[in-house]
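File shown here: coords.cif, holding mmCIF, C-alpha atoms.
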data_upload
#
loop_
_atom_site.label_atom_id
_atom_site.label_comp_id
_atom_site.auth_asym_id
_atom_site.auth_seq_id
_atom_site.Cartn_x
_atom_site.Cartn_y
_atom_site.Cartn_z
CA MET A 1 -15.70 46.85 -30.21
CA PHE A 2 -12.86 46.35 -27.70
CA ILE A 3 -9.53 48.11 -28.20
CA PHE A 4 -6.68 46.56 -26.20
CA THR A 5 -4.00 49.00 -25.17
CA TYR A 6 -0.46 47.96 -24.35
CA GLN A 7 -1.18 48.41 -20.62
CA THR A 8 -4.29 46.21 -20.87
CA ILE A 9 -2.34 43.41 -22.56
CA ILE A 10 0.36 43.57 -19.86
CA MET A 11 -2.31 43.42 -17.14
CA ILE A 12 -3.98 40.38 -18.76
CA LYS A 13 -0.61 38.63 -18.99
CA ASN A 14 0.14 39.33 -15.35
CA ILE A 15 -3.26 37.97 -14.28
CA TYR A 16 -2.72 34.86 -16.43
CA PHE A 17 0.68 34.11 -14.92
CA LEU A 18 -0.62 34.77 -11.41
CA LEU A 19 -3.46 32.28 -11.89
CA LEU A 20 -1.04 29.77 -13.42
CA ALA A 21 1.30 30.12 -10.43
CA ILE A 22 -1.59 29.59 -7.99
CA LEU A 23 -2.72 26.49 -9.90
CA ILE A 24 0.79 25.03 -9.88
CA SER A 25 1.11 25.81 -6.19
CA ILE A 26 -2.17 24.06 -5.40
CA GLN A 27 -1.15 21.01 -7.40
CA GLY A 28 2.28 20.95 -5.79
CA PHE A 29 0.84 20.90 -2.25
CA SER A 30 -1.91 18.37 -2.88
CA GLN A 31 -1.39 14.86 -1.59
CA VAL A 32 -1.07 12.26 -4.31
CA GLU A 33 -3.00 8.99 -4.28
CA GLU A 34 -1.96 5.78 -5.98
CA VAL A 35 -3.54 4.89 -9.31
CA ASN A 36 -4.90 1.35 -9.28
CA PRO A 37 -4.17 -0.91 -12.27
CA PRO A 38 -6.74 -2.02 -14.87
CA ASP A 39 -8.18 -5.54 -14.78
CA TYR A 40 -5.52 -7.01 -17.07
CA ILE A 41 -2.65 -6.20 -14.67
CA LYS A 42 -2.28 -8.39 -11.58
CA THR A 43 0.08 -9.37 -8.76
CA ILE A 44 2.08 -6.15 -8.37
CA THR A 45 4.93 -6.77 -5.94
CA PHE A 46 8.14 -5.16 -4.73
CA ARG A 47 11.06 -7.36 -3.77
CA SER A 48 14.30 -6.52 -1.98
CA ARG A 49 16.40 -7.79 0.91
CA THR A 50 14.49 -5.66 3.45
CA SER A 51 11.07 -5.86 1.80
CA SER A 52 9.78 -9.33 0.97
CA GLN A 53 7.06 -10.12 -1.52
CA GLY A 54 3.64 -8.79 -0.64
CA GLN A 55 4.84 -6.33 1.99
CA LEU A 56 4.92 -2.55 2.04
CA PRO A 57 8.12 -1.57 0.16
CA ILE A 58 10.42 0.12 2.69
CA ILE A 59 13.89 -0.11 1.16
CA ARG A 60 17.32 0.79 2.49
CA LEU A 61 19.14 3.54 0.55
CA GLY A 62 21.52 2.00 -1.99
CA GLU A 63 19.75 -1.36 -1.98
CA ALA A 64 18.59 -2.93 -5.24
CA PHE A 65 14.89 -3.71 -5.61
CA HIS A 66 12.47 -5.18 -8.15
CA LEU A 67 8.99 -4.09 -9.20
CA GLU A 68 7.18 -7.06 -10.74
CA PHE A 69 3.72 -7.49 -12.23
CA ASP A 70 1.75 -9.77 -14.55
CA VAL A 71 -0.06 -8.68 -17.71
CA LEU A 72 -2.95 -10.98 -18.59
CA THR A 73 -2.75 -10.51 -22.35
CA THR A 74 -0.93 -12.32 -25.15
CA ASP A 75 0.47 -9.36 -27.12
CA GLU A 76 3.48 -8.55 -24.85
CA PRO A 77 2.78 -4.79 -24.59
CA ASP A 78 5.54 -2.26 -23.95
CA PHE A 79 5.67 -0.41 -20.62
CA TYR A 80 7.74 2.55 -19.45
CA TYR A 81 8.49 3.86 -15.97
CA THR A 82 9.18 7.14 -14.17
CA ILE A 83 10.23 7.75 -10.56
CA GLU A 84 9.33 10.89 -8.60
CA HIS A 85 10.39 12.08 -5.12
CA TYR A 86 7.80 13.16 -2.51
CA ASN A 87 7.68 14.64 0.97
CA TYR A 88 6.59 12.72 4.07
CA ASP A 89 2.92 13.69 3.50
CA TRP A 90 3.00 12.65 -0.18
CA THR A 91 3.14 16.17 -1.56
CA LYS A 92 5.59 16.71 -4.40
CA SER A 93 9.08 17.61 -3.20
CA ASN A 94 11.11 20.50 -4.61
CA LEU A 95 13.93 18.28 -5.86
CA VAL A 96 14.61 17.96 -9.58
CA LYS A 97 15.31 14.51 -10.93
CA MET A 98 19.09 14.85 -11.17
CA GLU A 99 19.22 15.62 -7.43
CA TYR A 100 17.78 12.25 -6.36
CA MET A 101 18.59 9.94 -9.28
CA LYS A 102 21.75 8.72 -10.97
CA GLY A 103 21.03 8.35 -14.66
CA PHE A 104 17.60 8.64 -16.25
CA ASP A 105 14.15 7.08 -16.14
CA ASN A 106 11.31 6.93 -18.69
CA PHE A 107 12.76 3.84 -20.34
CA ARG A 108 11.05 0.67 -21.52
CA ILE A 109 10.87 -2.33 -19.20
CA VAL A 110 12.84 -4.92 -21.14
CA ASN A 111 12.74 -7.93 -18.81
CA TYR A 112 9.62 -10.05 -19.23
CA GLU A 113 8.73 -13.71 -19.72
CA ASN A 114 5.63 -15.47 -20.97
CA SER A 115 3.67 -17.86 -18.79
CA PHE A 116 4.28 -21.58 -19.16
CA ASN A 117 1.86 -24.49 -18.74
CA ALA A 118 -0.95 -22.32 -17.34
CA TYR A 119 -4.60 -21.99 -18.38
CA GLN A 120 -4.43 -18.22 -17.92
CA LEU A 121 -1.97 -16.78 -20.43
CA TYR A 122 0.10 -13.86 -19.12
CA SER A 123 3.49 -12.15 -19.27
CA HIS A 124 5.55 -11.51 -16.16
CA TYR A 125 7.40 -8.15 -16.13
CA ASP A 126 10.40 -7.45 -13.89
CA LEU A 127 11.85 -3.96 -13.46
CA GLN A 128 15.09 -3.84 -11.48
CA ILE A 129 16.48 -0.65 -9.95
CA PRO A 130 19.36 0.09 -10.42
CA ASN A 131 19.77 -0.81 -14.08
CA LYS A 132 21.83 0.49 -17.02
CA GLN A 133 19.68 3.61 -17.44
CA THR A 134 18.56 4.28 -13.86
CA ARG A 135 21.76 3.68 -11.91
CA GLY A 136 20.30 4.34 -8.48
CA LEU A 137 18.52 6.68 -6.08
CA THR A 138 20.63 9.05 -4.00
CA LYS A 139 18.16 10.57 -1.53
CA SER A 140 16.07 8.99 1.18
CA GLY A 141 12.37 9.77 1.39
CA ASN A 142 9.09 8.85 -0.30
CA TYR A 143 8.89 7.86 -3.96
CA ILE A 144 6.24 7.00 -6.50
CA ILE A 145 6.97 4.81 -9.49
CA SER A 146 4.56 5.29 -12.42
CA ILE A 147 4.05 2.76 -15.20
CA PHE A 148 2.95 4.00 -18.66
CA ASN A 149 1.97 2.14 -21.81
CA GLU A 150 3.38 2.78 -25.27
CA ASP A 151 0.77 5.50 -25.86
CA ASP A 152 2.12 7.39 -22.83
CA GLU A 153 -1.06 6.64 -20.87
CA LEU A 154 -0.68 6.11 -17.11
CA VAL A 155 -1.43 2.48 -16.25
CA PHE A 156 -0.75 2.37 -12.50
CA THR A 157 1.41 3.86 -9.76
CA ARG A 158 2.94 2.47 -6.57
CA LYS A 159 4.41 4.19 -3.52
CA PHE A 160 7.65 3.07 -1.91
CA MET A 161 9.94 4.46 0.78
CA VAL A 162 13.73 4.65 0.89
CA PHE A 163 15.39 5.12 4.29
CA LYS A 164 18.88 5.87 5.54
CA GLU A 165 19.13 4.87 9.17
CA GLN A 166 20.57 7.79 11.12
CA LEU A 167 18.77 7.42 14.45
CA GLY A 168 17.18 4.74 16.59
CA VAL A 169 13.43 4.16 16.76
CA GLY A 170 11.99 2.13 19.63
CA VAL A 171 8.38 0.93 19.38
CA ALA A 172 6.25 -0.71 22.09
CA VAL A 173 2.61 -1.79 21.67
CA LYS A 174 0.29 -1.12 24.60
CA ARG A 175 -3.37 -1.56 25.43
CA SER A 176 -5.30 1.66 25.10
CA ARG A 177 -4.96 4.01 28.07
CA ASP A 178 -8.47 5.25 27.35
CA VAL A 179 -10.72 3.05 29.51
CA LYS A 180 -13.52 3.42 26.97
CA TYR A 181 -11.43 1.58 24.34
CA ILE A 182 -9.23 -0.63 26.51
CA GLU A 183 -10.81 -3.79 25.01
CA SER A 184 -10.77 -2.66 21.38
CA LYS A 185 -7.74 -0.44 20.66
CA GLN A 186 -3.97 -0.68 20.69
CA SER A 187 -1.66 2.27 21.33
CA LEU A 188 2.02 2.80 20.49
CA ASP A 189 4.75 4.21 22.69
CA ILE A 190 7.61 5.53 20.55
CA THR A 191 11.11 6.58 21.57
CA ILE A 192 13.38 8.27 19.02
CA ASN A 193 17.05 8.43 20.00
CA SER A 194 19.02 10.88 17.85
CA GLY A 195 22.41 9.60 19.05
CA ALA A 196 25.20 11.61 17.43
CA LEU A 197 22.76 13.42 15.13
CA ASN A 198 21.93 16.99 16.13
CA LEU A 199 18.25 17.71 15.51
CA ASN A 200 17.29 21.35 15.18
CA ASN A 201 13.90 22.20 16.72
CA PRO A 202 12.70 18.56 16.58
CA LYS A 203 9.07 19.38 17.42
CA GLU A 204 8.85 21.14 14.05
CA THR A 205 11.48 19.37 11.91
CA ILE A 206 10.69 15.75 12.87
CA LYS A 207 7.63 14.08 11.31
CA THR A 208 6.40 10.56 12.00
CA VAL A 209 4.18 8.14 10.08
CA ILE A 210 2.74 5.13 11.94
CA ILE A 211 1.50 2.24 9.80
CA GLN A 212 -0.61 -0.73 10.89
CA ASN A 213 -0.29 -3.98 8.89
CA ASN A 214 1.37 -2.22 5.91
CA ASN A 215 -1.78 -0.23 5.11
CA LEU A 216 -0.82 3.33 4.17
CA LYS A 217 -4.47 4.33 3.88
CA THR A 218 -5.04 4.04 7.64
CA ALA A 219 -1.65 5.46 8.69
CA ILE A 220 -1.38 8.11 11.42
CA LYS A 221 0.74 11.08 10.34
CA GLY A 222 2.31 14.16 11.86
CA VAL A 223 2.20 13.33 15.58
CA LYS A 224 4.65 15.60 17.41
CA PRO A 225 6.94 14.45 20.26
CA GLN A 226 5.24 14.68 23.63
CA TYR A 227 8.46 15.05 25.63
CA THR A 228 12.13 15.71 24.92
CA ILE A 229 14.63 14.18 27.34
CA GLY A 230 18.24 14.72 26.31
CA LYS A 231 18.73 12.97 22.99
CA GLU A 232 15.37 11.21 23.17
CA LEU A 233 11.98 12.20 21.75
CA ILE A 234 9.17 10.50 23.67
CA TYR A 235 5.67 9.69 22.39
CA LYS A 236 3.31 8.32 25.07
CA TYR A 237 -0.07 9.56 23.96
CA THR A 238 -3.47 8.22 24.97
CA LYS A 239 -5.37 8.87 21.73
CA GLU A 240 -3.00 10.29 19.10
CA THR A 241 -1.10 7.03 18.44
CA ALA A 242 -3.99 4.58 18.96
CA PHE A 243 -5.40 2.20 16.31
CA TRP A 244 -8.48 0.02 16.30
CA ALA A 245 -7.12 -3.45 17.02
CA SER A 246 -9.45 -5.24 14.55
CA ASN A 247 -9.09 -9.04 14.36
CA GLU A 248 -6.76 -11.58 12.79
CA PHE A 249 -6.92 -11.72 9.01
CA ARG A 250 -8.77 -14.55 7.33
CA PHE A 251 -6.70 -16.60 4.89
CA PHE A 252 -6.79 -19.19 2.13
CA GLU A 253 -4.28 -21.08 0.00
CA THR A 254 -4.45 -22.06 -3.68
CA LYS A 255 -0.98 -23.54 -4.18
CA ASP A 256 -2.59 -26.71 -5.60
CA VAL A 257 -5.35 -26.00 -8.13
CA ARG A 258 -6.17 -29.69 -8.48
CA GLY A 259 -7.56 -30.00 -4.96
CA ALA A 260 -8.98 -27.94 -2.14
CA ASN A 261 -6.48 -26.38 0.25
CA VAL A 262 -6.71 -24.29 3.44
CA GLY A 263 -9.84 -22.13 3.36
CA VAL A 264 -11.03 -23.53 0.00
CA GLN A 265 -14.26 -25.54 -0.02
CA PHE A 266 -14.03 -26.89 -3.57
CA ILE A 267 -12.47 -26.20 -6.97
CA ASP A 268 -13.97 -26.19 -10.47
CA LEU A 269 -12.28 -25.98 -13.87
CA LYS A 270 -14.04 -23.89 -16.51
CA ASP A 271 -12.09 -21.52 -18.75
CA ILE A 272 -9.64 -21.30 -15.83
CA TYR A 273 -9.71 -22.75 -12.32
CA HIS A 274 -12.33 -21.47 -9.87
CA SER A 275 -11.67 -21.67 -6.13
CA TYR A 276 -14.76 -21.42 -3.91
CA LEU A 277 -13.92 -20.40 -0.36
CA PHE A 278 -15.84 -21.53 2.69
CA ILE A 279 -18.70 -19.19 3.62
CA ASP A 280 -17.50 -16.58 6.10
CA GLY A 281 -19.55 -15.00 8.86
CA ALA A 282 -19.29 -12.00 11.15
CA ARG A 283 -16.87 -12.24 14.09
CA ASP A 284 -17.65 -9.03 15.93
CA ASN A 285 -19.95 -10.79 18.42
CA GLN A 286 -17.73 -13.84 18.95
CA PRO A 287 -14.91 -14.29 21.49
CA TYR A 288 -11.41 -13.54 20.22
CA THR A 289 -9.49 -16.58 18.97
CA TYR A 290 -5.78 -16.43 18.16
CA ASN A 291 -5.27 -17.56 14.59
CA PRO A 292 -1.76 -16.87 13.21
CA ASP A 293 -1.72 -14.78 10.05
CA ILE A 294 0.82 -12.80 8.03
CA ASN A 295 -0.77 -9.42 8.80
CA GLY A 296 -2.54 -8.85 5.51
CA ASN A 297 0.26 -9.95 3.22
CA PHE A 298 0.37 -12.62 0.53
CA LEU A 299 2.91 -15.03 -0.93
CA ILE A 300 2.90 -16.48 -4.44
CA THR A 301 3.48 -20.21 -4.22
CA ALA A 302 2.56 -23.32 -6.24
CA ILE A 303 3.44 -26.96 -5.78
CA ASP A 304 5.37 -28.85 -8.49
CA ARG A 305 6.53 -25.59 -10.10
CA ASP A 306 10.16 -24.53 -10.57
CA ASN A 307 9.49 -20.86 -11.33
CA VAL A 308 6.25 -19.51 -9.85
CA ASP A 309 6.75 -16.16 -11.62
CA ILE A 310 5.66 -17.75 -14.92
CA GLU A 311 4.39 -21.23 -13.98
CA ALA A 312 1.87 -20.39 -11.26
CA ASP A 313 -1.66 -20.27 -12.68
CA TYR A 314 -4.51 -17.85 -11.99
CA THR A 315 -7.78 -18.82 -10.34
CA ASN A 316 -11.09 -17.03 -9.91
CA VAL A 317 -11.47 -16.89 -6.13
CA HIS A 318 -15.10 -16.74 -4.95
CA PHE A 319 -15.72 -14.92 -1.66
CA SER A 320 -18.96 -15.31 0.27
CA LEU A 321 -19.97 -13.47 3.45
CA SER A 322 -23.13 -14.41 5.33
CA TYR A 323 -24.42 -11.08 6.61
CA PRO A 324 -27.78 -9.30 6.68
CA LYS A 325 -28.43 -6.89 3.83
CA GLN A 326 -27.68 -3.30 4.84
CA THR A 327 -30.10 -0.55 3.83
CA ASP A 328 -28.09 2.46 5.03
CA GLY A 329 -26.17 2.84 1.76
CA SER A 330 -22.95 1.27 3.07
CA THR A 331 -20.88 -0.92 0.75
CA PHE A 332 -18.89 -4.09 1.43
CA TYR A 333 -15.40 -4.92 0.18
CA VAL A 334 -12.80 -7.64 0.61
CA TYR A 335 -9.22 -6.41 0.65
CA GLY A 336 -5.64 -6.99 1.76
CA ASN A 337 -2.14 -6.32 0.53
CA PHE A 338 -2.93 -8.47 -2.52
CA ASN A 339 -4.79 -5.45 -3.98
CA ASN A 340 -2.90 -2.75 -2.06
CA TYR A 341 -5.93 -2.24 0.23
CA ALA A 342 -7.78 -0.60 -2.65
CA LEU A 343 -11.54 -0.11 -2.75
CA GLY A 344 -12.72 -0.69 -6.31
CA LYS A 345 -15.29 -2.49 -8.40
CA GLU A 346 -13.07 -5.58 -8.63
CA ASN A 347 -13.19 -6.29 -4.87
CA LYS A 348 -16.64 -4.90 -4.11
CA LEU A 349 -19.14 -7.44 -2.78
CA VAL A 350 -22.70 -7.61 -4.11
CA TYR A 351 -25.62 -8.83 -2.03
CA ASN A 352 -27.25 -12.01 -3.38
CA GLY A 353 -30.90 -12.09 -2.37
CA ASP A 354 -31.20 -15.82 -3.05
CA SER A 355 -28.26 -16.94 -0.92
CA LYS A 356 -28.64 -14.05 1.59
CA ARG A 357 -24.92 -13.40 1.30
CA TYR A 358 -22.51 -10.74 0.07
CA GLU A 359 -20.50 -12.27 -2.77
CA GLY A 360 -17.62 -11.37 -5.05
CA THR A 361 -15.02 -12.94 -7.37
CA ILE A 362 -11.39 -11.86 -7.78
CA LYS A 363 -8.83 -13.35 -10.14
CA LEU A 364 -5.66 -14.12 -8.16
CA LYS A 365 -2.41 -15.93 -8.79
CA GLN A 366 -1.77 -19.17 -6.94
CA GLY A 367 -0.50 -18.56 -3.43
CA PHE A 368 -1.26 -17.94 0.24
CA TYR A 369 -3.44 -14.87 0.89
CA ASN A 370 -4.65 -12.87 3.88
CA TYR A 371 -7.90 -10.95 3.47
CA LYS A 372 -10.43 -8.96 5.46
CA TYR A 373 -14.04 -7.84 4.96
CA VAL A 374 -14.60 -4.11 5.48
CA VAL A 375 -17.60 -1.79 5.35
CA VAL A 376 -17.51 1.70 3.83
CA ASP A 377 -20.24 4.17 4.81
CA THR A 378 -21.78 6.83 2.59
CA ASP A 379 -19.10 9.33 3.66
CA GLY A 380 -16.31 7.01 2.51
CA LYS A 381 -15.19 6.05 6.03
CA ILE A 382 -13.76 2.52 6.31
CA ASP A 383 -14.84 0.33 9.25
CA GLU A 384 -12.64 -2.77 9.61
CA GLY A 385 -14.26 -3.81 12.87
CA LYS A 386 -17.93 -3.91 11.87
CA ILE A 387 -17.61 -7.48 10.59
CA SER A 388 -14.33 -8.64 12.15
CA GLY A 389 -14.70 -6.97 15.54
CA ASN A 390 -11.98 -5.17 17.51
CA PHE A 391 -10.00 -7.11 20.12
CA TRP A 392 -7.01 -5.80 22.04
CA GLN A 393 -5.35 -9.25 21.86
CA THR A 394 -5.08 -9.13 18.02
CA GLU A 395 -1.56 -9.65 16.71
CA ASN A 396 -0.84 -6.63 14.51
CA ASN A 397 2.32 -5.35 12.87
CA TYR A 398 3.31 -1.70 13.29
CA LYS A 399 5.93 0.30 11.42
CA VAL A 400 7.13 3.78 12.37
CA LEU A 401 8.84 6.01 9.80
CA VAL A 402 10.73 9.09 10.99
CA TYR A 403 11.30 12.01 8.59
CA TYR A 404 13.50 15.05 9.12
CA ARG A 405 13.68 18.36 7.30
CA ASP A 406 16.47 20.56 8.65
CA LEU A 407 16.02 24.30 8.78
CA GLY A 408 16.26 25.66 5.23
CA ALA A 409 16.18 22.19 3.63
CA ARG A 410 14.09 21.51 0.53
CA PHE A 411 12.87 17.98 1.12
CA ASP A 412 12.03 15.45 3.86
CA GLN A 413 14.66 12.81 4.58
CA LEU A 414 13.58 9.41 5.87
CA ILE A 415 16.16 8.85 8.60
CA GLY A 416 14.57 6.32 10.94
CA PHE A 417 12.58 3.09 10.77
CA GLY A 418 11.20 1.08 13.68
CA GLU A 419 8.93 -1.96 13.81
CA ALA A 420 7.04 -3.99 16.41
CA THR A 421 4.20 -6.47 16.73
CA SER A 422 1.56 -6.72 19.42
CA VAL A 423 2.62 -10.25 20.38
CA ASP A 424 4.17 -8.80 23.54
CA ILE A 425 1.45 -6.22 24.15
CA SER A 426 1.34 -4.89 27.70
CA ASN A 427 -0.73 -2.50 29.81
#
Output the structure of this file as structure tokens.
Amino acid sequence: MFIFTYQTIIMIKNIYFLLLAILISIQGFSQVEEVNPPDYIKTITFRSRTSSQGQLPIIRLGEAFHLEFDVLTTDEPDFYYTIEHYNYDWTKSNLVKMEYMKGFDNFRIVNYENSFNAYQLYSHYDLQIPNKQTRGLTKSGNYIISIFNEDDELVFTRKFMVFKEQLGVGVAVKRSRDVKYIESKQSLDITINSGALNLNNPKETIKTVIIQNNNLKTAIKGVKPQYTIGKELIYKYTKETAFWASNEFRFFETKDVRGANVGVQFIDLKDIYHSYLFIDGARDNQPYTYNPDINGNFLITAIDRDNVDIEADYTNVHFSLSYPKQTDGSTFYVYGNFNNYALGKENKLVYNGDSKRYEGTIKLKQGFYNYKYVVVDTDGKIDEGKISGNFWQTENNYKVLVYYRDLGARFDQLIGFGEATSVDISN
């Protein structure tokens, strides 16, 4: 029989609160990943003046923006939203909601319309920020918007960035300075000019994030300035700011479901339209060929439709890759900004022994889409070049985000944004 004294109870309480504090600390410093939507939610897009449809949402502070998505059901479910502030590395910031938001969140999304004249029935939801309840965001930095259903269950999340331009960011794309990778990688030279802004200890307080083709999952983070010359921070690294160049994205168009378009071999109408793409092959052993793309993005478009938000139809798009079956446990996926570069069961390809091809089907709204085949090894490492190849001539888009946390500050401000493409790549 145990007899608990007063001192024992106090000790147990202290241990409990210590463990609780450690748990909260661990959770607070862990990087958050986006939650992908279920199968019945499609075509998630941000839209603003500085961030067009299908692109990574980088929004100017004070600018209005829209989060839109389709729900492929007929019961018009209710959805609610919350917005949280994060540091540059996607750890939770120390700000409370009233410090970065005017008004309140956790309200129902009230703007939605039902589809019209489409085989696939759906409802199109449109959340605008600011609105009557959430009157605006007041701090720059990283944010995550979370969508919940009426049972308070998390449905999906999306990251977006809000910047306030306080310094200049120059970006130049170069061929790799490492001779070993001169034919297959691209490197970035970055110059940050602080202008009238006084940066305290910039090698510690300035953080950069470098993004290729709007894919946050392959971004390079935390590279420190190599040199400081007056008001300029210089980055001219050989390896630290280098990306595999990959190849141009493949693309197809389904703006007309009554006939085959670019990249579509033929169309069939069953319960909904089915678009069968031409059979793709590997390009890693072929010479580079310039083929203009939109760097992984997509655009919803449909002919003879006044409002594509509710009048564009959905089609089952059939992908087919002619490639030998791999026995090393690696898996094949098709991805792009249309699915936020996610790796899930929806976009996983399955090997068909009869056709000797990797095949998959994804339901997508009518439009113009970029896509790429990637291979993931047993350790979870993504290889974009195994099928596409890596060519220094590839036209890629690069974005550089510059964050600053002054001495004693409690959060990371996003104070600079630069962008460049490798069209003018040089040695």
* Between CA of Asp89 (chain A) and CA of Gln31 (chain A), what is the distance, to one decimal in Å? ->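 Separation between CA of Asp89 (chain A) and CA of Gln31 (chain A): 6.8 Å.
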* To do: Starting from the displayed file, determine the output of the PyMOL selection byres ((chain A and resi 354-367) around 8) and express the residue list as an MDAnalysis selection string.
  => chainID A and resid 42:43 253:257 298:302 312:325 332 346:353 368:369
* Smallest atom-to-atom distance to Ile310 (chain A): which of A:Gln120, A:Asn285, A:Thr91, A:Asn36, using all atoms listed in the file? ->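 Among A:Gln120, A:Asn285, A:Thr91, A:Asn36, it is A:Gln120 that comes nearest to Ile310 (chain A).
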* To do: For the structure provided, state which residues fall under the PyMOL selection byres ((chain A and resi 427) around 8), and present them as a PyMOL selection string.
  => chain A and resi 174-177+425-426
For the selection you just gave me, I'd like the residues written to a file as a PDB file, in the frame of the given file, keeping C-alpha atoms.
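For reference, result.pdb as written:
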ATOM      1  CA  LYS A 174       0.290  -1.120  24.600  1.00  0.00           C
ATOM      2  CA  ARG A 175      -3.370  -1.560  25.430  1.00  0.00           C
ATOM      3  CA  SER A 176      -5.300   1.660  25.100  1.00  0.00           C
ATOM      4  CA  ARG A 177      -4.960   4.010  28.070  1.00  0.00           C
ATOM      5  CA  ILE A 425       1.450  -6.220  24.150  1.00  0.00           C
ATOM      6  CA  SER A 426       1.340  -4.890  27.700  1.00  0.00           C
TER       7      SER A 426
END
* Structure fact -> Between CA of Asp377 (chain A) and CA of Asn291 (chain A) lies a distance of 28.1 Å
* Selection dump of the PyMOL selection byres ((chain A and resi 232-243) around 6), as a VMD selection string -> chain A and resid 177 185 to 193 225 to 231 244 to 245
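We find CA of Val173 (chain A) and CA of Ile211 (chain A) to be spaced 12.6 Å apart.
With distances restricted to all atoms listed in the file, A:Glu34 is the closest residue to Trp90 (chain A) from A:Glu34, A:Asp75, A:Glu183, A:Asp70.
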* Contacts of region 262-269 of chain A within 8 Å, all atoms listed in the file, excl. fewer than 6 positions in-chain, as a VMD selection string -> chain A and resid 251 to 254 275 to 278
